[in-house]
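S.K.: Just protein-v1.txt, nothing more (compact mmCIF, C-alpha atoms and all ligand atoms):
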```txt
# COMPACT_ATOMS: atom_id res chain seq x y z
CA MET A 1 0.00 0.00 0.00
CA GLU A 2 1.22 3.50 -0.76
CA ARG A 3 2.24 5.52 2.27
CA ARG A 4 0.16 8.54 3.16
CA PRO A 5 1.96 11.89 2.94
CA ASP A 6 3.63 13.09 6.16
CA LEU A 7 1.86 16.39 6.58
CA ILE A 8 -0.79 18.68 5.17
CA LEU A 9 -0.82 22.37 5.90
CA ALA A 10 -4.51 23.04 5.28
CA ASN A 11 -6.11 26.33 4.25
CA VAL A 12 -2.89 28.19 3.61
CA GLN A 13 -3.30 31.71 2.31
CA LEU A 14 -0.59 31.89 -0.37
CA PRO A 15 1.30 35.18 -0.78
CA GLU A 16 -0.47 35.78 -4.13
CA GLY A 17 -3.86 35.54 -2.38
CA ARG A 18 -5.05 32.05 -3.42
CA ARG A 19 -5.95 29.48 -0.76
CA ALA A 20 -4.46 26.00 -0.95
CA ASP A 21 -3.56 22.92 1.03
CA ILE A 22 0.17 22.21 1.00
CA THR A 23 1.04 18.52 0.97
CA ILE A 24 4.47 17.60 2.34
CA HIS A 25 6.39 14.33 2.14
CA ASP A 26 10.01 13.41 2.90
CA GLY A 27 10.92 17.00 3.76
CA ARG A 28 9.61 18.47 0.49
CA VAL A 29 6.40 20.09 -0.72
CA ILE A 30 4.83 17.63 -3.14
CA HIS A 31 1.58 19.38 -3.99
CA ALA A 32 -0.18 22.75 -3.56
CA GLY A 33 -3.93 22.60 -4.14
CA ALA A 34 -6.64 20.28 -2.93
CA SER A 35 -5.56 17.58 -0.49
CA THR A 36 -6.66 14.17 0.68
CA ALA A 37 -5.37 12.52 3.85
CA ALA A 38 -2.01 12.62 5.61
CA GLU A 39 -0.36 11.40 8.78
CA ARG A 40 -0.79 14.87 10.24
CA ARG A 41 -2.89 17.89 9.30
CA ILE A 42 -2.43 21.44 10.58
CA ASP A 43 -5.20 23.93 9.96
CA CYS A 44 -3.60 27.26 9.06
CA THR A 45 -6.83 29.27 8.93
CA GLY A 46 -6.25 32.70 10.44
CA PHE A 47 -2.45 32.43 10.47
CA PHE A 48 0.28 33.96 8.39
CA ILE A 49 2.27 31.03 7.04
CA LEU A 50 5.79 31.84 5.94
CA PRO A 51 8.65 29.88 4.46
CA ALA A 52 10.89 29.74 7.55
CA ALA A 53 13.78 32.17 7.79
CA VAL A 54 17.44 31.54 6.92
CA ASP A 55 19.51 33.72 9.24
CA MET A 56 22.84 34.05 7.47
CA HIS A 57 24.66 35.74 10.33
CA VAL A 58 24.67 34.22 13.81
CA HIS A 59 27.34 33.65 16.46
CA MET A 60 26.31 30.46 18.27
CA ARG A 61 29.37 30.55 20.61
CA GLY A 62 29.86 27.31 22.55
CA GLY A 63 33.08 25.93 24.06
CA ILE A 64 34.51 28.26 26.68
CA GLN A 65 31.88 30.83 25.66
CA SER A 66 28.95 28.58 26.58
CA ALA A 67 27.79 30.90 29.34
CA LYS A 68 26.78 33.30 26.56
CA GLU A 69 25.27 30.65 24.26
CA ASP A 70 25.86 27.28 22.66
CA TRP A 71 24.28 25.23 19.88
CA GLU A 72 21.68 23.77 22.21
CA SER A 73 20.30 27.10 23.46
CA GLY A 74 21.05 29.17 20.36
CA SER A 75 19.36 26.81 17.93
CA LYS A 76 16.25 26.62 20.13
CA SER A 77 16.20 30.40 20.14
CA ALA A 78 16.34 30.28 16.33
CA ILE A 79 13.51 27.77 16.01
CA ALA A 80 11.29 29.69 18.47
CA GLY A 81 11.82 32.76 16.29
CA GLY A 82 10.81 31.03 13.04
CA VAL A 83 14.40 30.51 11.83
CA THR A 84 15.15 26.95 10.65
CA VAL A 85 18.58 27.52 9.05
CA VAL A 86 21.44 29.51 10.56
CA VAL A 87 24.86 30.36 9.16
CA ASP A 88 27.36 30.33 12.00
CA GLN A 89 30.24 32.81 11.99
CA PRO A 90 33.80 31.59 12.50
CA ASN A 91 35.03 34.02 15.20
CA THR A 92 34.64 31.31 17.82
CA ILE A 93 37.25 30.35 20.42
CA PRO A 94 39.25 28.71 18.88
CA PRO A 95 38.55 30.48 15.56
CA LEU A 96 37.50 28.39 12.55
CA THR A 97 40.64 28.87 10.50
CA THR A 98 41.84 25.26 10.16
CA PRO A 99 40.06 22.21 8.69
CA GLU A 100 40.36 20.54 12.13
CA THR A 101 38.57 23.30 14.06
CA PHE A 102 36.00 23.46 11.26
CA ALA A 103 35.31 19.71 11.43
CA ALA A 104 34.99 19.90 15.22
CA ARG A 105 32.46 22.71 14.85
CA VAL A 106 30.37 20.71 12.39
CA LYS A 107 30.41 17.77 14.81
CA GLU A 108 29.36 19.96 17.74
CA ALA A 109 26.47 21.42 15.73
CA ARG A 110 25.39 18.00 14.43
CA GLU A 111 25.20 16.73 18.00
CA HIS A 112 23.45 19.68 19.60
CA SER A 113 21.62 21.84 17.07
CA SER A 114 17.83 21.79 16.84
CA CYS A 115 17.93 23.80 13.60
CA SER A 116 19.65 23.22 10.28
CA PHE A 117 22.94 24.99 9.86
CA ALA A 118 25.85 26.01 7.66
CA ILE A 119 29.26 27.11 8.91
CA ASN A 120 31.59 29.75 7.50
CA SER A 121 35.37 29.79 7.45
CA GLY A 122 37.41 32.51 9.11
CA VAL A 123 39.88 34.40 6.95
CA THR A 124 43.18 35.40 8.54
CA PRO A 125 46.55 35.77 6.78
CA GLY A 126 47.42 32.12 7.51
CA THR A 127 44.06 30.47 6.76
CA PRO A 128 44.29 27.60 4.21
CA ILE A 129 41.36 28.93 2.19
CA GLU A 130 41.27 26.06 -0.33
CA ALA A 131 41.37 23.39 2.40
CA MET A 132 38.55 25.17 4.27
CA TRP A 133 36.48 25.13 1.07
CA GLU A 134 37.03 21.39 0.69
CA ALA A 135 36.07 20.88 4.34
CA GLY A 136 32.58 22.24 3.56
CA THR A 137 32.76 25.92 4.35
CA MET A 138 29.56 27.67 3.29
CA ALA A 139 30.96 31.17 2.76
CA PHE A 140 34.13 33.00 3.82
CA GLY A 141 33.99 35.45 6.68
CA GLU A 142 32.69 37.56 8.07
CA ILE A 143 36.09 38.90 7.01
CA PHE A 144 36.99 41.76 9.32
CA PHE A 145 38.16 45.01 7.78
CA ALA A 146 38.41 46.38 11.34
CA PRO A 147 38.82 44.40 14.55
CA SER A 148 35.67 43.58 16.53
CA SER A 149 34.84 41.31 19.47
CA TYR A 150 36.87 38.15 18.82
CA GLY A 151 37.58 39.23 15.24
CA GLU A 152 41.06 39.69 13.75
CA ALA A 153 41.24 42.27 10.94
CA LEU A 154 43.00 41.98 7.58
CA GLY A 155 44.96 44.80 5.94
CA LYS A 156 44.14 45.91 2.40
CA ALA A 157 46.82 43.81 0.62
CA GLU A 158 45.87 40.69 2.62
CA PHE A 159 42.23 41.37 1.88
CA SER A 160 42.95 41.61 -1.81
CA HIS A 161 44.87 38.35 -1.86
CA ALA A 162 42.17 36.51 0.12
CA LEU A 163 39.44 37.74 -2.25
CA GLU A 164 41.43 36.46 -5.22
CA ARG A 165 41.66 32.99 -3.73
CA ILE A 166 37.97 32.94 -2.76
CA GLN A 167 37.03 34.09 -6.25
CA ALA A 168 39.08 31.30 -7.82
CA LEU A 169 37.00 28.78 -5.84
CA GLY A 170 33.70 30.42 -6.79
CA GLY A 171 33.08 31.24 -3.12
CA LEU A 172 31.17 34.06 -1.47
CA ALA A 173 33.13 36.59 0.61
CA THR A 174 31.10 38.06 3.47
CA VAL A 175 32.61 41.26 4.77
CA HIS A 176 32.48 43.13 8.07
CA ALA A 177 33.26 46.60 6.69
CA GLU A 178 34.21 49.10 9.37
CA GLY A 179 36.90 51.63 10.14
CA ILE A 180 37.98 52.84 13.55
CA GLY A 181 39.09 56.34 14.50
CA SER A 182 41.03 57.28 17.61
CA GLY A 183 39.62 58.44 20.91
CA LYS A 184 37.97 57.10 24.02
CA ASP A 185 35.12 54.61 23.81
CA THR A 186 33.12 56.12 26.67
CA GLY A 187 29.51 55.60 25.62
CA LEU A 188 27.11 55.00 22.74
CA ALA A 189 27.66 58.42 21.12
CA ALA A 190 31.45 58.06 21.30
CA HIS A 191 31.21 54.49 19.95
CA ASP A 192 29.14 55.79 17.02
CA THR A 193 31.77 58.49 16.32
CA LEU A 194 34.75 56.12 16.63
CA ARG A 195 33.24 53.69 14.15
CA SER A 196 31.37 56.33 12.16
CA PRO A 197 29.04 55.87 9.17
CA GLU A 198 31.65 57.67 7.01
CA ARG A 199 34.28 55.11 8.01
CA GLU A 200 31.90 52.27 7.28
CA GLN A 201 31.32 53.74 3.81
CA GLU A 202 35.08 54.16 3.27
CA ALA A 203 35.61 50.53 4.26
CA VAL A 204 32.97 49.39 1.75
CA ILE A 205 34.71 51.36 -0.99
CA ALA A 206 38.17 50.12 0.05
CA VAL A 207 37.03 46.48 0.00
CA GLN A 208 35.54 46.98 -3.46
CA SER A 209 38.74 48.48 -4.78
CA ALA A 210 40.73 45.60 -3.24
CA ASN A 211 38.48 43.17 -5.12
CA ARG A 212 40.49 43.15 -8.34
CA LYS A 213 39.22 39.82 -9.71
CA GLY A 214 35.51 40.43 -9.05
CA CYS A 215 34.89 38.03 -6.15
CA ARG A 216 31.21 37.83 -5.11
CA LEU A 217 30.86 40.21 -2.16
CA HIS A 218 28.24 40.22 0.58
CA PHE A 219 28.29 43.18 2.97
CA CYS A 220 27.29 42.12 6.47
CA HIS A 221 25.24 44.31 8.80
CA LEU A 222 25.52 47.69 7.00
CA SER A 223 24.35 50.28 9.48
CA ALA A 224 24.12 53.53 7.53
CA ALA A 225 22.42 54.82 4.40
CA GLU A 226 25.65 56.04 2.80
CA SER A 227 27.31 52.62 3.00
CA VAL A 228 24.22 50.94 1.57
CA ASP A 229 24.38 53.43 -1.32
CA ALA A 230 28.08 52.68 -1.89
CA ALA A 231 27.78 48.89 -1.78
CA GLN A 232 28.23 46.89 -4.99
CA GLY A 233 27.30 43.45 -3.78
CA SER A 234 24.55 42.03 -1.64
CA VAL A 235 23.49 44.16 1.32
CA GLU A 236 22.61 42.74 4.72
CA VAL A 237 21.01 44.82 7.48
CA THR A 238 20.20 43.77 11.05
CA PRO A 239 17.04 44.29 13.09
CA HIS A 240 19.03 46.26 15.68
CA HIS A 241 20.03 48.87 13.11
CA LEU A 242 16.45 49.04 11.82
CA PHE A 243 14.71 49.13 15.20
CA LEU A 244 17.16 50.73 17.67
CA SER A 245 18.79 54.14 17.86
CA ARG A 246 21.14 55.37 20.56
CA GLU A 247 18.65 58.08 21.53
CA MET A 248 16.31 55.31 22.77
CA THR A 249 18.45 54.60 25.84
CA GLY A 250 21.06 56.10 28.17
CA ASP A 251 24.50 56.77 26.68
CA ALA A 252 26.17 54.27 29.03
CA ASP A 253 23.79 51.38 28.20
CA CYS A 254 26.13 48.56 27.14
CA ARG A 255 23.23 46.41 25.93
CA PHE A 256 23.17 48.66 22.83
CA LYS A 257 26.95 48.37 22.34
CA VAL A 258 27.59 46.56 19.06
CA ASN A 259 29.82 46.74 15.99
CA PRO A 260 28.92 48.45 13.74
CA PRO A 261 27.29 50.74 16.31
CA VAL A 262 23.64 51.45 16.86
CA ARG A 263 23.35 54.88 15.19
CA SER A 264 21.30 58.04 15.60
CA GLU A 265 17.56 58.19 14.95
CA ARG A 266 18.34 60.11 11.75
CA GLU A 267 20.57 57.31 10.42
CA ARG A 268 17.99 54.70 11.44
CA THR A 269 15.33 56.49 9.39
CA GLY A 270 17.77 56.69 6.47
CA LEU A 271 18.23 52.94 6.59
CA TRP A 272 14.46 52.35 6.36
CA GLU A 273 14.44 54.67 3.33
CA ARG A 274 16.82 52.16 1.66
CA TRP A 275 14.43 49.25 2.38
CA ASN A 276 14.18 48.27 -1.30
CA ARG A 277 17.98 48.11 -1.62
CA ILE A 278 18.35 45.75 1.35
CA ASP A 279 18.79 42.20 0.04
CA VAL A 280 18.93 40.31 3.31
CA ILE A 281 17.90 40.84 6.89
CA ALA A 282 20.09 38.82 9.26
CA SER A 283 20.29 39.07 13.02
CA ASP A 284 24.05 39.13 13.74
CA HIS A 285 22.92 37.24 16.85
CA ALA A 286 25.89 37.95 19.15
CA PRO A 287 24.96 37.06 22.72
CA HIS A 288 26.99 38.19 25.74
CA THR A 289 26.03 37.62 29.37
CA ASN A 290 24.16 40.13 31.50
CA GLU A 291 27.21 40.30 33.71
CA GLU A 292 29.46 41.30 30.80
CA LYS A 293 26.97 43.89 29.69
CA THR A 294 27.03 45.58 33.11
CA LEU A 295 30.79 46.21 32.90
CA PRO A 296 31.92 49.83 32.45
CA PHE A 297 31.26 50.86 28.82
CA PRO A 298 34.86 50.63 27.53
CA ASP A 299 35.23 47.09 28.94
CA ALA A 300 31.89 45.61 27.87
CA PRO A 301 31.94 43.36 24.79
CA SER A 302 30.06 44.42 21.65
CA GLY A 303 27.14 42.37 20.42
CA ILE A 304 23.36 42.02 20.58
CA PRO A 305 21.27 38.81 20.63
CA GLY A 306 18.51 38.73 18.02
CA VAL A 307 17.92 35.44 16.18
CA GLU A 308 14.61 34.87 18.01
CA THR A 309 13.22 38.39 17.67
CA MET A 310 14.19 39.11 14.03
CA VAL A 311 11.13 37.80 12.19
CA PRO A 312 8.73 38.56 15.09
CA LEU A 313 9.69 42.29 15.00
CA LEU A 314 9.21 42.35 11.22
CA MET A 315 5.89 40.50 11.43
CA ALA A 316 4.51 43.17 13.79
CA LYS A 317 5.39 45.71 11.07
CA VAL A 318 3.57 43.56 8.51
CA LEU A 319 0.42 43.47 10.64
CA GLU A 320 0.72 47.22 11.16
CA LYS A 321 0.91 47.51 7.33
CA GLN A 322 4.28 49.26 7.29
CA ILE A 323 6.03 46.59 5.20
CA SER A 324 4.74 43.80 2.99
CA LEU A 325 4.67 40.12 3.84
CA SER A 326 6.33 39.27 0.53
CA ASP A 327 9.26 41.59 1.35
CA VAL A 328 9.73 39.83 4.68
CA ILE A 329 9.73 36.43 2.98
CA GLN A 330 12.14 37.66 0.32
CA LYS A 331 14.64 39.28 2.71
CA THR A 332 14.59 36.66 5.48
CA SER A 333 14.15 33.45 3.48
CA SER A 334 14.33 33.45 -0.34
CA ALA A 335 17.26 35.85 -0.78
CA PRO A 336 19.57 34.36 1.87
CA ALA A 337 18.83 30.82 0.64
CA ALA A 338 19.72 31.86 -2.92
CA LEU A 339 22.88 33.67 -1.81
CA ILE A 340 24.28 30.70 0.07
CA GLY A 341 22.92 28.23 -2.49
CA ILE A 342 20.59 26.01 -0.45
CA PRO A 343 17.18 24.82 -1.71
CA PRO A 344 14.51 27.48 -1.21
CA SER A 345 11.63 26.93 1.17
CA GLY A 346 8.27 27.82 -0.34
CA PHE A 347 4.90 26.58 -1.48
CA ALA A 348 5.82 25.29 -4.93
CA PRO A 349 6.25 21.52 -5.35
CA GLY A 350 9.86 20.50 -4.75
CA SER A 351 10.50 23.23 -2.17
CA ARG A 352 12.22 22.57 1.14
CA ALA A 353 9.40 22.13 3.68
CA ASP A 354 10.48 24.57 6.40
CA PHE A 355 7.63 26.83 7.51
CA ALA A 356 6.47 28.98 10.42
CA LEU A 357 2.91 29.92 11.40
CA TYR A 358 2.33 33.34 12.93
CA PRO A 359 -0.92 34.47 14.58
CA ARG A 360 -2.48 37.72 13.39
CA SER A 361 -2.12 39.47 16.74
CA VAL A 362 0.73 41.48 18.20
CA THR A 363 2.40 40.87 21.55
CA ARG A 364 5.48 42.45 23.11
CA VAL A 365 8.99 41.06 23.47
CA ASN A 366 9.46 39.60 26.95
CA PRO A 367 13.09 38.53 27.53
CA ASP A 368 11.96 35.97 30.13
CA LEU A 369 10.22 34.03 27.37
CA LEU A 370 13.20 33.94 24.98
CA HIS A 371 15.48 30.90 24.69
CA SER A 372 18.97 32.39 24.30
CA ARG A 373 21.15 31.59 27.29
CA CYS A 374 22.15 35.25 27.59
CA GLY A 375 18.71 36.02 29.05
CA TRP A 376 18.23 39.61 27.89
CA SER A 377 17.07 41.53 24.84
CA PRO A 378 17.43 45.17 23.83
CA PHE A 379 14.01 44.81 22.16
CA GLU A 380 12.18 44.32 25.47
CA GLY A 381 8.64 45.74 25.17
CA PHE A 382 8.80 46.10 21.35
CA HIS A 383 5.82 44.95 19.30
CA ALA A 384 6.34 41.45 17.93
CA ILE A 385 4.53 38.38 16.63
CA PHE A 386 6.15 35.08 17.61
CA PRO A 387 5.45 31.89 15.68
CA ARG A 388 3.03 29.40 17.14
CA THR A 389 4.24 26.46 15.08
CA VAL A 390 7.51 25.81 13.24
CA ILE A 391 8.00 23.02 10.70
CA LEU A 392 11.52 21.79 9.85
CA GLY A 393 12.03 19.28 7.04
CA GLY A 394 8.32 18.52 6.99
CA SER A 395 7.97 17.71 10.68
CA MET A 396 6.91 19.78 13.64
CA ALA A 397 9.92 21.21 15.47
CA TYR A 398 8.04 23.62 17.72
CA HIS A 399 4.47 24.24 18.81
CA ASP A 400 3.06 26.50 21.53
CA GLY A 401 6.36 26.83 23.38
CA GLU A 402 7.28 23.14 23.15
CA PHE A 403 10.14 21.66 21.10
CA PHE A 404 9.94 18.36 19.24
CA ARG A 405 12.60 16.17 17.67
CA SER A 406 13.02 16.89 14.00
CA THR A 407 15.84 16.26 11.56
CA PRO A 408 18.09 19.30 11.21
CA VAL A 409 20.72 19.03 8.50
CA TRP A 410 24.17 20.42 7.79
CA TYR A 411 24.35 22.41 4.55
CA PRO A 412 27.96 22.25 3.41
CA GLY A 413 29.24 24.62 0.75
CA LYS A 414 29.87 23.54 -2.84
CA GLY A 415 33.55 22.75 -2.25
CA LEU A 416 32.99 19.82 0.10
CA SER A 417 35.36 17.13 -0.97
CA LEU A 418 33.59 13.78 -1.04
CA HIS A 419 36.91 11.97 -1.31
CA PRO A 420 39.16 13.51 1.34
CA HIS A 421 42.81 12.68 0.76
O1 LIG B 501 29.27 43.58 17.87
C1 LIG B 501 29.72 42.57 17.37
N1 LIG B 501 29.80 41.41 18.03
N2 LIG B 501 30.17 42.64 16.12
C2 LIG B 501 30.84 41.62 15.55
O2 LIG B 501 31.23 41.74 14.43
C3 LIG B 501 31.13 40.39 16.31
C4 LIG B 501 30.13 40.21 17.35
C5 LIG B 501 30.48 39.13 18.36
O3 LIG B 501 30.87 38.05 17.93
O4 LIG B 501 30.28 39.38 19.54
ZN ZN B 502 30.32 41.48 12.06
```
How would this structure read if it were set down as structure tokens?
M.R.:
Amino acid sequence: MERRPDLILANVQLPEGRRADITIHDGRVIHAGASTAAERRIDCTGFFILPAAVDMHVHMRGGIQSAKEDWESGSKSAIAGGVTVVVDQPNTIPPLTTPETFAARVKEAREHSSCSFAINSGVTPGTPIEAMWEAGTMAFGEIFFAPSSYGEALGKAEFSHALERIQALGGLATVHAEGIGSGKDTGLAAHDTLRSPEREQEAVIAVQSANRKGCRLHFCHLSAAESVDAAQGSVEVTPHHLFLSREMTGDADCRFKVNPPVRSERERTGLWERWNRIDVIASDHAPHTNEEKTLPFPDAPSGIPGVETMVPLLMAKVLEKQISLSDVIQKTSSAPAALIGIPPSGFAPGSRADFALYPRSVTRVNPDLLHSRCGWSPFEGFHAIFPRTVILGGSMAYHDGEFFRSTPVWYPGKGLSLHPH
């Protein structure tokens, strides 16, 4: 006897307006239209149903940084925020700059992650770029053009050489473009001046001029309108640069300390004016403990957690009719999947069956209900819509605050050598 399909998402309102039942089997959408019977049926009437998000910029920590976060807590935070695929950044301790540390990271994620994942390679002067590619690196970077928390920067000549090698492999270079002035880092305004929007723009231009062979460039977390305007490559922006400005809190509030900095209200508005130029929204989820964030400003580490609140903050804006649902799907799911080259999630037959269901009512961010180990959020009290149900690979990974076993996968990059020497 033929097996019944695994799952039907019934009464789905498709982005183009039509209603359909989505039939899912073996992790893929097999039919969109009328349905018959399945092992499980979820009625989606009254919900927004979205292809789940791919967050292409997270720092899942782990190892000696596990008090901040690890794969177990960080991936649950992702799932509870409607994110089923994360791309982990290589500025871990130890950094992912050798095939051995890379392989250990994949193993750690395979054992502990509740969400699917890809892992990037660090790029330092000594990194064996070709060997990292063969080990299954998704993309290269974030490559630091200025030092940041746990990030070693490359000079212009080194940058140029690294981009040439990445280009020869057909890889994607993801860039942390910043410049740092001199002076004291005494508070949010000073931090914004030290790592100013002008310096960010200059770094974008410098990276582009160092890119002599035309490597594919992705600019991580651009924080200012002028750098978005200067960028020739894909543009990523974070929720903290879209939703926070330094005027919203006290100057000494280390929770808002991040690189690139949270800017002025004027810059924040300018970023929203570039909405159509933003290719990808990614969280730059960079958790630090409460304790670290209460250190004096110059000593506190930079970074803001956000993988769980990214889509919920955007969904509140959708319900409030300030942005469109299709833009949210494009910038949080379709575009990042295409950039890193993994199968898209969506409603068409053949699509990866990762989805999230959001109710049509707004709540507020309550840090006590979030799953990151760091235990705080700068978005406390902000309007948000959290998913009720999250589907990963065609099975239920999360429902009403509860997690279920599903089958997360590792997405290696295209260079993975199937016959290691
Ligand atoms: O503020 C930041 N924190 N910026 C980065 O680029 C790295 C990140 C971290 O890992 O904490
Ligand atoms: Zn960065």
S.K.: Nearest to ligand LIG 501 (chain B) among A:Pro99, A:Gly46, A:Gly183, A:Gly303, with distances taken over only C-alpha atoms and all ligand atoms: which residue is it?
M.R.: A:Gly303
S.K.: What are the nearest atom pairs, with distances in Å to one decimal, for all residues of chain A that come at most 9 Å from ligand LIG 501 (chain B), using only C-alpha atoms and all ligand atoms, set out by chain and rising residue number as a tab-separated table?
M.R.:
```
residue	atom	partner	partner_atom	distance
A:Val58	CA	B:LIG501	O3	8.4
A:His59	CA	B:LIG501	O3	5.8
A:Met60	CA	B:LIG501	O3	8.9
A:Arg61	CA	B:LIG501	O3	8.1
A:Gln89	CA	B:LIG501	O3	7.9
A:Pro90	CA	B:LIG501	O3	8.9
A:Asn91	CA	B:LIG501	O3	6.4
A:Thr92	CA	B:LIG501	O3	7.7
A:Glu142	CA	B:LIG501	O2	7.7
A:Phe144	CA	B:LIG501	O2	7.7
A:Pro147	CA	B:LIG501	O2	8.0
A:Ser148	CA	B:LIG501	O2	5.2
A:Ser149	CA	B:LIG501	O4	5.0
A:Tyr150	CA	B:LIG501	O3	6.1
A:Gly151	CA	B:LIG501	C3	6.6
A:His176	CA	B:LIG501	O2	6.6
A:Cys220	CA	B:LIG501	O2	8.9
A:His221	CA	B:LIG501	O2	8.6
A:Lys257	CA	B:LIG501	O1	7.0
A:Val258	CA	B:LIG501	O1	3.6
A:Asn259	CA	B:LIG501	O1	3.7
A:Pro260	CA	B:LIG501	O1	6.4
A:Pro261	CA	B:LIG501	O1	7.6
A:Asp284	CA	B:LIG501	C4	7.2
A:His285	CA	B:LIG501	C4	7.8
A:Ala286	CA	B:LIG501	O4	4.6
A:Pro287	CA	B:LIG501	O4	6.6
A:His288	CA	B:LIG501	O4	7.1
A:Pro301	CA	B:LIG501	O4	6.8
A:Ser302	CA	B:LIG501	O1	4.0
A:Gly303	CA	B:LIG501	O1	3.5
A:Ile304	CA	B:LIG501	O1	6.7
```
S.K.: If you keep C-alpha atoms, can you produce a file of those selected residues as a CSV table (one decimal), in the frame of the given file?
M.R.:
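Wrote it out as part.csv, contents follow:
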```csv
chain,number,residue,atom,x,y,z
A,58,VAL,CA,24.7,34.2,13.8
A,59,HIS,CA,27.3,33.6,16.5
A,60,MET,CA,26.3,30.5,18.3
A,61,ARG,CA,29.4,30.6,20.6
A,89,GLN,CA,30.2,32.8,12.0
A,90,PRO,CA,33.8,31.6,12.5
A,91,ASN,CA,35.0,34.0,15.2
A,92,THR,CA,34.6,31.3,17.8
A,142,GLU,CA,32.7,37.6,8.1
A,144,PHE,CA,37.0,41.8,9.3
A,147,PRO,CA,38.8,44.4,14.6
A,148,SER,CA,35.7,43.6,16.5
A,149,SER,CA,34.8,41.3,19.5
A,150,TYR,CA,36.9,38.2,18.8
A,151,GLY,CA,37.6,39.2,15.2
A,176,HIS,CA,32.5,43.1,8.1
A,220,CYS,CA,27.3,42.1,6.5
A,221,HIS,CA,25.2,44.3,8.8
A,257,LYS,CA,27.0,48.4,22.3
A,258,VAL,CA,27.6,46.6,19.1
A,259,ASN,CA,29.8,46.7,16.0
A,260,PRO,CA,28.9,48.4,13.7
A,261,PRO,CA,27.3,50.7,16.3
A,284,ASP,CA,24.0,39.1,13.7
A,285,HIS,CA,22.9,37.2,16.8
A,286,ALA,CA,25.9,38.0,19.2
A,287,PRO,CA,25.0,37.1,22.7
A,288,HIS,CA,27.0,38.2,25.7
A,301,PRO,CA,31.9,43.4,24.8
A,302,SER,CA,30.1,44.4,21.6
A,303,GLY,CA,27.1,42.4,20.4
A,304,ILE,CA,23.4,42.0,20.6
```
S.K.: Looking at A:Ala135, A:Ile64, A:Ala189, A:Ala80, which one is nearest to Ile391 (chain A), with distances taken over all atoms listed in the file?
M.R.: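 Among the listed residues, A:Ala80 lies closest to Ile391 (chain A).
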S.K.: Find, counting all atoms listed in the file, the residue in A:Arg212, A:His218, A:Lys68, A:Arg199 that gets nearest to ligand ZN 502 (chain B).
M.R.: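 Ranked by minimum distance to ligand ZN 502 (chain B), first place goes to A:His218.
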S.K.: Write out as a list in words the residues lying within 7 Å of region 50-53 of chain A, counting all atoms listed in the file and excluding same-chain residues fewer than 3 positions away.
M.R.: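 With the cut-off at 7 Å, the set is Gly82, Val83, Thr84, Val85, Ile329, Thr332, Ser333, Ser345, Gly346, Asp354, Phe355, Ala356 and Leu357 of chain A.
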S.K.: Closest to Phe48 (chain A) among A:Asn290, A:Ser334, A:Gln167, A:Gln13, using all atoms listed in the file?
M.R.: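 With all atoms listed in the file as the atom set, the closest residue is A:Gln13.
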S.K.: Show me as number ranges by chain the residues that reach within 12 Å of (22.1, 31.1, 7.0), counting all atoms listed in the file and using the file's own coordinates.
M.R.: A: 52-59, 78, 83-89, 115-120, 138-139, 174, 236, 280-285, 307, 331-344, 410-413
S.K.: Identify which of the residues A:Gly375, A:Val228, A:Glu152, A:Thr98 lies closest to Pro128 (chain A), counting all atoms listed in the file when measuring atom-to-atom distances.
M.R.: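 Of A:Gly375, A:Val228, A:Glu152, A:Thr98, the one nearest Pro128 (chain A), counting all atoms listed in the file, is A:Thr98.
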S.K.: Restricting the calculation to only C-alpha atoms and all ligand atoms: of A:Val237, A:Ala37, A:Ile205, A:Met132, which residue gets closest to ligand ZN 502 (chain B)?
M.R.: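 The closest residue to ligand ZN 502 (chain B) is A:Val237.
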S.K.: Quick one: everything within 12 Å of Pro298 (chain A), counting only C-alpha atoms, minus sequence neighbours fewer than 5 positions away in the same chain. Send it as a PyMOL selection string.
M.R.: chain A and resi 183-188+190-191+252-254+257-258+292-293
S.K.: Which protein, DNA or RNA residues have an atom at most 8 Å from (33.2, 40.0, -3.3), counting only C-alpha atoms? List them as a JSON list (two decimals) with C-alpha atoms, in the coordinates of the input.
M.R.:
```json
[["chain", "number", "residue", "atom", "x", "y", "z"],
["A", 163, "LEU", "CA", 39.44, 37.74, -2.25],
["A", 167, "GLN", "CA", 37.03, 34.09, -6.25],
["A", 172, "LEU", "CA", 31.17, 34.06, -1.47],
["A", 173, "ALA", "CA", 33.13, 36.59, 0.61],
["A", 174, "THR", "CA", 31.10, 38.06, 3.47],
["A", 208, "GLN", "CA", 35.54, 46.98, -3.46],
["A", 211, "ASN", "CA", 38.48, 43.17, -5.12],
["A", 214, "GLY", "CA", 35.51, 40.43, -9.05],
["A", 215, "CYS", "CA", 34.89, 38.03, -6.15],
["A", 216, "ARG", "CA", 31.21, 37.83, -5.11],
["A", 217, "LEU", "CA", 30.86, 40.21, -2.16],
["A", 218, "HIS", "CA", 28.24, 40.22, 0.58],
["A", 233, "GLY", "CA", 27.30, 43.45, -3.78]]
```
S.K.: Between CA of Pro125 (chain A) and CA of Ala153 (chain A), what is the spacing in Å?
M.R.: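 Going from CA of Ala153 (chain A) over to CA of Pro125 (chain A), I get 9.4 Å.
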